[in-house]
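**Q** My structure is stored as my_file-v8.cif, with mmCIF, C-alpha atoms.
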data_my_file
loop_
_atom_site.group_PDB
_atom_site.id
_atom_site.type_symbol
_atom_site.label_atom_id
_atom_site.label_comp_id
_atom_site.auth_asym_id
_atom_site.auth_seq_id
_atom_site.Cartn_x
_atom_site.Cartn_y
_atom_site.Cartn_z
ATOM 1 C CA MET A 109 -8.889 -0.072 12.367
ATOM 2 C CA LYS A 110 -7.622 1.832 9.650
ATOM 3 C CA THR A 111 -9.659 5.022 9.979
ATOM 4 C CA ARG A 112 -8.816 7.197 7.106
ATOM 5 C CA ARG A 113 -10.257 10.524 6.131
ATOM 6 C CA LEU A 114 -10.779 12.408 2.896
ATOM 7 C CA PRO A 115 -9.618 16.013 2.968
ATOM 8 C CA ALA A 116 -12.130 18.557 1.697
ATOM 9 C CA LEU A 117 -12.052 18.758 -2.092
ATOM 10 C CA LEU A 118 -11.972 22.321 -3.272
ATOM 11 C CA ALA A 119 -12.490 21.424 -6.897
ATOM 12 C CA ALA A 120 -15.092 18.675 -6.585
ATOM 13 C CA PRO A 121 -17.126 19.650 -9.680
ATOM 14 C CA VAL A 122 -13.994 19.601 -11.861
ATOM 15 C CA LEU A 123 -12.929 16.288 -10.370
ATOM 16 C CA ALA A 124 -16.353 14.796 -11.006
ATOM 17 C CA LEU A 125 -16.198 15.795 -14.670
ATOM 18 C CA ALA A 126 -12.722 14.328 -15.023
ATOM 19 C CA LEU A 127 -13.773 11.035 -13.454
ATOM 20 C CA THR A 128 -16.838 10.829 -15.656
ATOM 21 C CA ALA A 129 -14.704 11.317 -18.724
ATOM 22 C CA CYS A 130 -12.241 8.546 -17.854
ATOM 23 C CA GLY A 131 -14.634 6.071 -16.287
ATOM 24 C CA GLY A 132 -17.209 5.366 -18.962
ATOM 25 C CA GLY A 133 -18.311 1.985 -20.262
ATOM 26 C CA GLY A 134 -18.482 -0.647 -17.539
ATOM 27 C CA GLY A 135 -17.405 -4.197 -18.325
ATOM 28 C CA GLY A 136 -20.618 -5.872 -17.205
ATOM 29 C CA THR A 137 -23.632 -5.902 -14.934
ATOM 30 C CA THR A 138 -25.190 -8.242 -12.390
ATOM 31 C CA GLU A 139 -28.776 -9.489 -12.513
ATOM 32 C CA SER A 140 -29.747 -6.574 -10.282
ATOM 33 C CA GLY A 141 -28.228 -4.087 -12.731
ATOM 34 C CA ALA A 142 -25.117 -3.352 -10.676
ATOM 35 C CA GLN A 143 -22.237 -2.086 -12.804
ATOM 36 C CA LEU A 144 -19.038 -4.156 -12.806
ATOM 37 C CA VAL A 145 -15.592 -3.282 -14.105
ATOM 38 C CA SER A 146 -15.239 -6.800 -15.531
ATOM 39 C CA ASP A 147 -18.137 -9.083 -16.435
ATOM 40 C CA GLY A 148 -18.601 -11.922 -13.953
ATOM 41 C CA THR A 149 -15.935 -10.567 -11.597
ATOM 42 C CA LEU A 150 -16.014 -8.481 -8.442
ATOM 43 C CA THR A 151 -12.886 -6.330 -8.620
ATOM 44 C CA VAL A 152 -11.737 -5.069 -5.228
ATOM 45 C CA CYS A 153 -8.989 -2.539 -4.491
ATOM 46 C CA SER A 154 -7.204 -2.468 -1.154
ATOM 47 C CA ASP A 155 -4.194 -0.653 0.316
ATOM 48 C CA VAL A 156 -1.866 -3.510 1.267
ATOM 49 C CA PRO A 157 -0.323 -4.254 3.730
ATOM 50 C CA TYR A 158 -2.550 -3.184 6.599
ATOM 51 C CA PRO A 159 -2.867 -6.257 8.814
ATOM 52 C CA PRO A 160 -5.107 -7.654 10.156
ATOM 53 C CA PHE A 161 -7.437 -6.108 7.559
ATOM 54 C CA GLU A 162 -5.403 -6.778 4.424
ATOM 55 C CA ASP A 163 -2.042 -8.369 3.737
ATOM 56 C CA PHE A 164 -0.204 -10.276 1.038
ATOM 57 C CA ASP A 165 -0.544 -14.071 0.854
ATOM 58 C CA LYS A 166 0.891 -15.784 -2.196
ATOM 59 C CA GLY A 167 -0.722 -19.050 -1.131
ATOM 60 C CA SER A 168 -4.308 -17.751 -1.237
ATOM 61 C CA PRO A 169 -6.527 -17.793 -4.348
ATOM 62 C CA THR A 170 -6.468 -13.990 -4.595
ATOM 63 C CA GLY A 171 -2.904 -13.454 -3.411
ATOM 64 C CA PHE A 172 -4.179 -11.603 -0.334
ATOM 65 C CA LYS A 173 -5.564 -12.311 3.138
ATOM 66 C CA GLY A 174 -7.147 -10.464 6.068
ATOM 67 C CA PHE A 175 -10.465 -9.456 7.581
ATOM 68 C CA ASP A 176 -11.497 -7.234 4.671
ATOM 69 C CA ILE A 177 -10.435 -9.879 2.167
ATOM 70 C CA ASP A 178 -12.536 -12.543 3.896
ATOM 71 C CA ILE A 179 -15.533 -10.190 3.944
ATOM 72 C CA VAL A 180 -15.373 -9.391 0.218
ATOM 73 C CA SER A 181 -14.693 -13.051 -0.585
ATOM 74 C CA GLU A 182 -18.009 -13.965 1.051
ATOM 75 C CA ILE A 183 -19.753 -11.119 -0.772
ATOM 76 C CA ALA A 184 -18.386 -12.242 -4.147
ATOM 77 C CA GLN A 185 -19.375 -15.846 -3.463
ATOM 78 C CA GLY A 186 -22.883 -14.783 -2.456
ATOM 79 C CA MET A 187 -23.218 -12.827 -5.705
ATOM 80 C CA ASP A 188 -21.864 -15.746 -7.790
ATOM 81 C CA LEU A 189 -18.913 -13.650 -8.920
ATOM 82 C CA LYS A 190 -15.219 -14.361 -9.210
ATOM 83 C CA LEU A 191 -13.113 -12.217 -6.862
ATOM 84 C CA THR A 192 -10.087 -10.242 -8.028
ATOM 85 C CA VAL A 193 -8.127 -8.119 -5.531
ATOM 86 C CA LYS A 194 -5.770 -5.315 -6.556
ATOM 87 C CA ASP A 195 -3.213 -3.539 -4.395
ATOM 88 C CA SER A 196 -3.818 0.210 -4.451
ATOM 89 C CA SER A 197 -2.507 3.208 -2.551
ATOM 90 C CA PHE A 198 -5.039 4.609 -0.116
ATOM 91 C CA ASP A 199 -5.432 8.177 -1.356
ATOM 92 C CA PRO A 200 -6.973 7.237 -4.756
ATOM 93 C CA LEU A 201 -9.365 4.931 -2.907
ATOM 94 C CA GLN A 202 -10.551 7.362 -0.260
ATOM 95 C CA SER A 203 -10.779 10.286 -2.699
ATOM 96 C CA GLY A 204 -13.010 8.348 -5.105
ATOM 97 C CA LEU A 205 -10.530 8.442 -7.972
ATOM 98 C CA ALA A 206 -9.890 4.691 -8.221
ATOM 99 C CA LEU A 207 -13.571 3.740 -8.023
ATOM 100 C CA ASN A 208 -15.094 6.499 -10.112
ATOM 101 C CA SER A 209 -12.509 6.009 -12.871
ATOM 102 C CA GLY A 210 -13.387 2.313 -13.167
ATOM 103 C CA GLN A 211 -10.278 0.739 -11.669
ATOM 104 C CA CYS A 212 -12.324 -1.387 -9.279
ATOM 105 C CA ASP A 213 -15.882 -2.079 -8.112
ATOM 106 C CA ILE A 214 -15.257 -1.920 -4.361
ATOM 107 C CA GLY A 215 -12.700 -0.290 -2.120
ATOM 108 C CA ALA A 216 -12.173 -2.614 0.853
ATOM 109 C CA SER A 217 -9.432 -1.005 2.859
ATOM 110 C CA ALA A 218 -10.480 -0.353 6.470
ATOM 111 C CA MET A 219 -12.025 2.881 5.255
ATOM 112 C CA THR A 220 -14.007 5.007 7.663
ATOM 113 C CA ILE A 221 -17.335 6.373 6.424
ATOM 114 C CA THR A 222 -17.132 10.172 6.583
ATOM 115 C CA ALA A 223 -19.274 12.996 5.238
ATOM 116 C CA ASP A 224 -16.349 14.229 3.131
ATOM 117 C CA ARG A 225 -15.897 10.868 1.472
ATOM 118 C CA GLU A 226 -19.619 10.496 0.856
ATOM 119 C CA GLN A 227 -19.425 13.492 -1.465
ATOM 120 C CA ASN A 228 -17.482 11.351 -3.951
ATOM 121 C CA LEU A 229 -18.256 7.755 -2.968
ATOM 122 C CA ASP A 230 -21.186 5.562 -2.027
ATOM 123 C CA PHE A 231 -20.731 3.297 0.993
ATOM 124 C CA SER A 232 -22.163 0.042 2.211
ATOM 125 C CA ASP A 233 -23.624 -0.223 5.673
ATOM 126 C CA GLY A 234 -20.925 -0.049 8.322
ATOM 127 C CA TYR A 235 -19.254 -3.428 8.822
ATOM 128 C CA TYR A 236 -16.697 -2.645 11.543
ATOM 129 C CA ASP A 237 -16.668 -0.285 14.552
ATOM 130 C CA SER A 238 -13.365 1.541 14.712
ATOM 131 C CA LYS A 239 -11.172 3.025 17.453
ATOM 132 C CA GLN A 240 -7.912 4.973 17.365
ATOM 133 C CA SER A 241 -4.897 4.082 19.523
ATOM 134 C CA LEU A 242 -1.465 5.268 20.629
ATOM 135 C CA LEU A 243 1.463 2.856 20.252
ATOM 136 C CA VAL A 244 4.853 3.453 21.906
ATOM 137 C CA PRO A 245 8.000 1.395 22.554
ATOM 138 C CA THR A 246 7.728 -0.764 25.668
ATOM 139 C CA GLY A 247 8.927 1.240 28.682
ATOM 140 C CA SER A 248 8.405 4.621 27.013
ATOM 141 C CA ALA A 249 7.714 7.631 29.232
ATOM 142 C CA ILE A 250 4.741 8.408 26.970
ATOM 143 C CA LYS A 251 1.620 7.210 28.769
ATOM 144 C CA SER A 252 -1.102 9.254 27.083
ATOM 145 C CA ILE A 253 -1.802 11.728 24.305
ATOM 146 C CA ASP A 254 -1.056 14.486 26.825
ATOM 147 C CA ASP A 255 2.611 13.411 26.829
ATOM 148 C CA LEU A 256 3.180 14.000 23.100
ATOM 149 C CA SER A 257 4.245 17.651 23.183
ATOM 150 C CA GLY A 258 7.627 17.884 21.452
ATOM 151 C CA LYS A 259 7.489 14.206 20.450
ATOM 152 C CA LYS A 260 7.537 12.826 16.913
ATOM 153 C CA VAL A 261 4.303 10.970 16.196
ATOM 154 C CA GLY A 262 3.815 8.843 13.087
ATOM 155 C CA VAL A 263 0.482 9.159 11.279
ATOM 156 C CA GLN A 264 -0.763 8.000 7.890
ATOM 157 C CA GLN A 265 -1.626 10.390 5.089
ATOM 158 C CA GLY A 266 -5.348 10.850 4.442
ATOM 159 C CA THR A 267 -6.499 9.043 7.577
ATOM 160 C CA THR A 268 -8.791 9.865 10.447
ATOM 161 C CA GLY A 269 -5.900 8.892 12.716
ATOM 162 C CA LYS A 270 -3.964 11.840 11.333
ATOM 163 C CA THR A 271 -6.991 14.093 11.784
ATOM 164 C CA TYR A 272 -7.429 12.904 15.370
ATOM 165 C CA ALA A 273 -3.763 13.629 16.100
ATOM 166 C CA GLU A 274 -4.008 17.080 14.513
ATOM 167 C CA GLU A 275 -6.990 17.914 16.691
ATOM 168 C CA ASN A 276 -5.876 16.318 19.966
ATOM 169 C CA ALA A 277 -2.088 15.783 20.122
ATOM 170 C CA THR A 278 -1.218 19.296 21.281
ATOM 171 C CA GLY A 279 2.393 20.258 20.580
ATOM 172 C CA ALA A 280 3.281 16.978 18.859
ATOM 173 C CA ASP A 281 5.510 16.915 15.788
ATOM 174 C CA LEU A 282 3.402 14.881 13.368
ATOM 175 C CA VAL A 283 5.360 12.884 10.804
ATOM 176 C CA THR A 284 3.212 11.745 7.882
ATOM 177 C CA PHE A 285 3.806 8.434 6.103
ATOM 178 C CA PRO A 286 2.116 6.906 3.024
ATOM 179 C CA SER A 287 1.281 3.623 4.765
ATOM 180 C CA ASP A 288 1.521 1.660 8.001
ATOM 181 C CA ALA A 289 4.504 -0.290 6.690
ATOM 182 C CA GLU A 290 6.644 2.860 6.643
ATOM 183 C CA MET A 291 5.255 3.996 10.008
ATOM 184 C CA TYR A 292 6.131 0.700 11.655
ATOM 185 C CA GLN A 293 9.661 0.739 10.271
ATOM 186 C CA ALA A 294 10.087 4.304 11.525
ATOM 187 C CA ILE A 295 9.140 3.513 15.115
ATOM 188 C CA LYS A 296 11.321 0.395 15.077
ATOM 189 C CA ALA A 297 14.238 2.539 13.905
ATOM 190 C CA GLY A 298 13.554 5.161 16.566
ATOM 191 C CA GLN A 299 12.708 7.826 13.990
ATOM 192 C CA VAL A 300 9.368 8.529 15.690
ATOM 193 C CA ASP A 301 8.357 8.223 19.330
ATOM 194 C CA ALA A 302 4.813 6.937 18.832
ATOM 195 C CA LEU A 303 2.209 5.886 16.251
ATOM 196 C CA LEU A 304 -1.383 7.099 16.350
ATOM 197 C CA GLN A 305 -3.654 4.974 14.178
ATOM 198 C CA ASP A 306 -6.350 2.297 14.110
ATOM 199 C CA LEU A 307 -6.458 -0.008 17.117
ATOM 200 C CA PRO A 308 -6.279 -3.431 15.392
ATOM 201 C CA VAL A 309 -3.224 -2.401 13.377
ATOM 202 C CA ASN A 310 -1.398 -1.207 16.482
ATOM 203 C CA LEU A 311 -2.518 -4.397 18.260
ATOM 204 C CA ASN A 312 -0.767 -6.331 15.527
ATOM 205 C CA HIS A 313 2.445 -4.409 16.238
ATOM 206 C CA GLN A 314 2.042 -4.892 19.984
ATOM 207 C CA GLN A 315 1.672 -8.639 19.549
ATOM 208 C CA ALA A 316 4.894 -8.703 17.517
ATOM 209 C CA GLY A 317 6.724 -7.507 20.632
ATOM 210 C CA GLY A 318 8.660 -4.463 21.725
ATOM 211 C CA PHE A 319 5.710 -2.058 21.685
ATOM 212 C CA GLU A 320 2.627 -1.354 23.767
ATOM 213 C CA ILE A 321 -0.662 0.469 23.323
ATOM 214 C CA VAL A 322 -0.978 3.038 26.102
ATOM 215 C CA GLN A 323 -4.300 4.600 25.132
ATOM 216 C CA THR A 324 -7.319 4.001 22.923
ATOM 217 C CA TYR A 325 -9.838 6.547 21.672
ATOM 218 C CA SER A 326 -13.505 6.006 20.841
ATOM 219 C CA THR A 327 -14.406 8.096 17.805
ATOM 220 C CA ASN A 328 -17.821 6.655 16.793
ATOM 221 C CA GLU A 329 -16.372 5.646 13.436
ATOM 222 C CA GLN A 330 -17.413 2.758 11.212
ATOM 223 C CA TYR A 331 -15.661 1.183 8.261
ATOM 224 C CA GLY A 332 -17.645 0.841 5.064
ATOM 225 C CA LEU A 333 -17.054 -0.739 1.670
ATOM 226 C CA ALA A 334 -16.704 2.085 -0.853
ATOM 227 C CA MET A 335 -18.254 2.036 -4.318
ATOM 228 C CA LYS A 336 -18.580 4.281 -7.347
ATOM 229 C CA LYS A 337 -20.925 7.193 -6.772
ATOM 230 C CA GLY A 338 -24.342 6.333 -8.195
ATOM 231 C CA ASN A 339 -23.852 2.555 -8.453
ATOM 232 C CA THR A 340 -26.768 2.056 -6.055
ATOM 233 C CA ALA A 341 -27.577 -1.440 -7.298
ATOM 234 C CA LEU A 342 -24.137 -2.637 -6.226
ATOM 235 C CA VAL A 343 -24.527 -0.928 -2.837
ATOM 236 C CA ASP A 344 -27.834 -2.749 -2.375
ATOM 237 C CA ASP A 345 -26.283 -6.078 -3.412
ATOM 238 C CA VAL A 346 -23.375 -5.643 -1.006
ATOM 239 C CA ASN A 347 -25.664 -4.643 1.865
ATOM 240 C CA ALA A 348 -27.828 -7.693 1.212
ATOM 241 C CA GLN A 349 -24.762 -9.934 1.444
ATOM 242 C CA LEU A 350 -23.568 -8.233 4.643
ATOM 243 C CA LYS A 351 -27.011 -8.763 6.198
ATOM 244 C CA LYS A 352 -26.964 -12.414 5.172
ATOM 245 C CA MET A 353 -23.515 -12.840 6.748
ATOM 246 C CA HIS A 354 -24.777 -11.354 10.019
ATOM 247 C CA ASP A 355 -27.942 -13.453 9.948
ATOM 248 C CA ASP A 356 -26.263 -16.810 9.306
ATOM 249 C CA GLY A 357 -23.286 -16.251 11.615
ATOM 250 C CA THR A 358 -20.636 -16.008 8.896
ATOM 251 C CA TYR A 359 -19.704 -12.463 9.923
ATOM 252 C CA ASP A 360 -19.125 -13.555 13.530
ATOM 253 C CA GLU A 361 -16.907 -16.409 12.369
ATOM 254 C CA ILE A 362 -14.748 -14.038 10.320
ATOM 255 C CA TYR A 363 -14.665 -11.431 13.094
ATOM 256 C CA ASN A 364 -13.605 -13.944 15.739
ATOM 257 C CA LYS A 365 -10.880 -15.263 13.450
ATOM 258 C CA TYR A 366 -9.120 -11.900 13.644
ATOM 259 C CA PHE A 367 -10.350 -10.116 16.749
ATOM 260 C CA SER A 368 -11.418 -12.669 19.358
ATOM 261 C CA THR A 369 -9.830 -12.066 22.766
ATOM 262 C CA LYS A 370 -10.446 -15.640 23.951
#
Would you write out, as C-alpha cells, the structure that this file holds?

**A**
Amino acid sequence: MKTRRLPALLAAPVLALALTACGGGGGGTTESGAQLVSDGTLTVCSDVPYPPFEDFDKGSPTGFKGFDIDIVSEIAQGMDLKLTVKDSSFDPLQSGLALNSGQCDIGASAMTITADREQNLDFSDGYYDSKQSLLVPTGSAIKSIDDLSGKKVGVQQGTTGKTYAEENATGADLVTFPSDAEMYQAIKAGQVDALLQDLPVNLNHQQAGGFEIVQTYSTNEQYGLAMKKGNTALVDDVNAQLKKMHDDGTYDEIYNKYFSTK
C-alpha cells in the first residue's frame, strides 16, 4: 500500500500555467471525448519497482507486472485501447507534473487520494483500501512505533507513510529515500532500524525472510488512479470500467491473486 502524499504547493497558480504551456495538444480522444496522449493507446505511468503493486517483468506484454498493472490492463481492454506502461519517479506523478504535462494518461502507482493531490489531479474512485505498517529485522527490540525514539526509520519521499511517521514516530530519526528499492537495501544493510510504509510492500519484504511487521496502522486511505486535471471524460470512463470489474468479479480475481490470505 504505497500511500504517498503531495506536499502543499505554495506556487500552484504558477505551476498550473507552466503545465498548461507544456501540455497542449493531446494525441487523440476516445468515443466519450476523453483526451489521450497517443491515439488508440492508454499510456500509464508508474513508479517501479513497488511490489506487489508494480514491478518489472520482461516476459509480459507491457514489460511490467503487479496489482496496479493488472487493473489498468483490464481498463485498457474494456476501453478497446492498447496499453503502454512507462516507469516514472513518484514525485512527478503525485504532484501532477507528469500527467498535466502530457507524459501519460493515468498514474497507476499505489497513490493515495488526498486533498492536496486533488488540487492538481483528478482521481478515479478508490480501488484499494490502504494501511501503513512498521517493518523491522526479525528479533528486533522494536515492537511498536513507541520504540522508535533515537532509531533510524526509512521512509519514502512524498508519501503518506513519511507523513504518518513525521506525525507519530516521536523522536525517530527519519531517513528519506526516493523509492522502496533503496529503503529495502538500507534495512538489509543495517543502515536503518525500521521501515514505515504501505502494508503490502512491507508484507512482500516479510515474506522474503529476515524481517517482520510488528505493527499496522489504519489511516482511512484509498488508492486512486490519477489523471490530468479536467479530463473528466477519462475519469468517467475509468470509473465505469472499475465498476464493471467489481460487478463481474474480475476485480476480486485480481485482488485475490496478490492479497489472498488463503

**Q** So that each row is one residue of region 220-309 of chain A with an atom at most 10 Å from region 334-343 of chain A, can you give its shortest atom pair and the distance in Å to one decimal, using all atoms listed in the file, rows by chain and rising number, as CSV?

**A**
residue,atom,partner,partner_atom,distance
A:Thr220,CA,A:Ala334,CA,9.4
A:Ile221,CA,A:Ala334,CA,8.5
A:Arg225,CA,A:Ala334,CA,9.1
A:Glu226,CA,A:Lys337,CA,8.4
A:Gln227,CA,A:Lys337,CA,8.4
A:Asn228,CA,A:Lys337,CA,6.1
A:Leu229,CA,A:Lys337,CA,4.7
A:Asp230,CA,A:Lys337,CA,5.0
A:Phe231,CA,A:Ala334,CA,4.6
A:Ser232,CA,A:Val343,CA,5.7
A:Asp233,CA,A:Val343,CA,8.6

**Q** Within 12 Å of (-15.7, -12.5, 3.0) in the file's own coordinates, which protein, DNA or RNA residues have an atom, counting all atoms listed in the file? List them as a PyMOL selection string.

**A** chain A and resi 152+161-162+173-187+191+216+235+333+346+349-350+352-354+358-363+365

**Q** Evaluate the PyMOL selection byres ((chain A and resi 282) around 7) on the structure here and hand back the selected residues as a compact mmCIF listing (two decimals) with C-alpha atoms, in the coordinates of the input.

**A**
# COMPACT_ATOMS: atom_id res chain seq x y z
CA LYS A 260 7.54 12.83 16.91
CA VAL A 261 4.30 10.97 16.20
CA GLY A 262 3.82 8.84 13.09
CA VAL A 263 0.48 9.16 11.28
CA ALA A 280 3.28 16.98 18.86
CA ASP A 281 5.51 16.92 15.79
CA VAL A 283 5.36 12.88 10.80
CA THR A 284 3.21 11.74 7.88

**Q** State, in Å with one decimal place, the distance from CA of Gln323 (chain A) to CA of Gly279 (chain A).

**A** 17.6 Å

**Q** Contacts of Thr327 (chain A) at 12 Å or less, counting all atoms listed in the file, minus same-chain residues fewer than 3 places along, as a ChimeraX atom specification?

**A** /A:109,111,220-222,237-241,268-269,271-272,305-307,324,330-331

**Q** On this file, the PyMOL selection byres ((chain A and resi 309) around 7) gives some set of residues; write that set as a list in words.

**A**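 Applied to this file, the PyMOL selection byres ((chain A and resi 309) around 7) returns Met109, Tyr158, Pro159, Pro160, Asp306, Leu307, Pro308, Asn310, Leu311, Asn312 and His313 of chain A.
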
**Q** Hey, which of A:Ser209, A:Ser287, A:Ser252, A:Gln299 ends up closest to Gln264 (chain A)? Count all atoms listed in the file.

**A**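 Comparing A:Ser209, A:Ser287, A:Ser252, A:Gln299 against Gln264 (chain A), the winner is A:Ser287.
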
**Q** One number please: CA of Met291 (chain A) to CA of Val156 (chain A), in Å, one decimal.

**A**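 Taking CA of Met291 (chain A) as the start and CA of Val156 (chain A) as the end point, the length is 13.5 Å.
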
**Q** Can you work out the spacing between CA of Asn328 (chain A) and CA of Tyr236 (chain A) in Å, to one decimal?

**A**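 Computing the Euclidean distance for CA of Asn328 (chain A) and CA of Tyr236 (chain A) yields 10.7 Å.
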
**Q** Near Asp301 (chain A), within 10 Å and counting only C-alpha atoms, which residues show up once chain neighbours fewer than 3 positions away are dropped, as a PyMOL selection string?

**A** chain A and resi 243-245+248-250+256+258-262+281+294-298
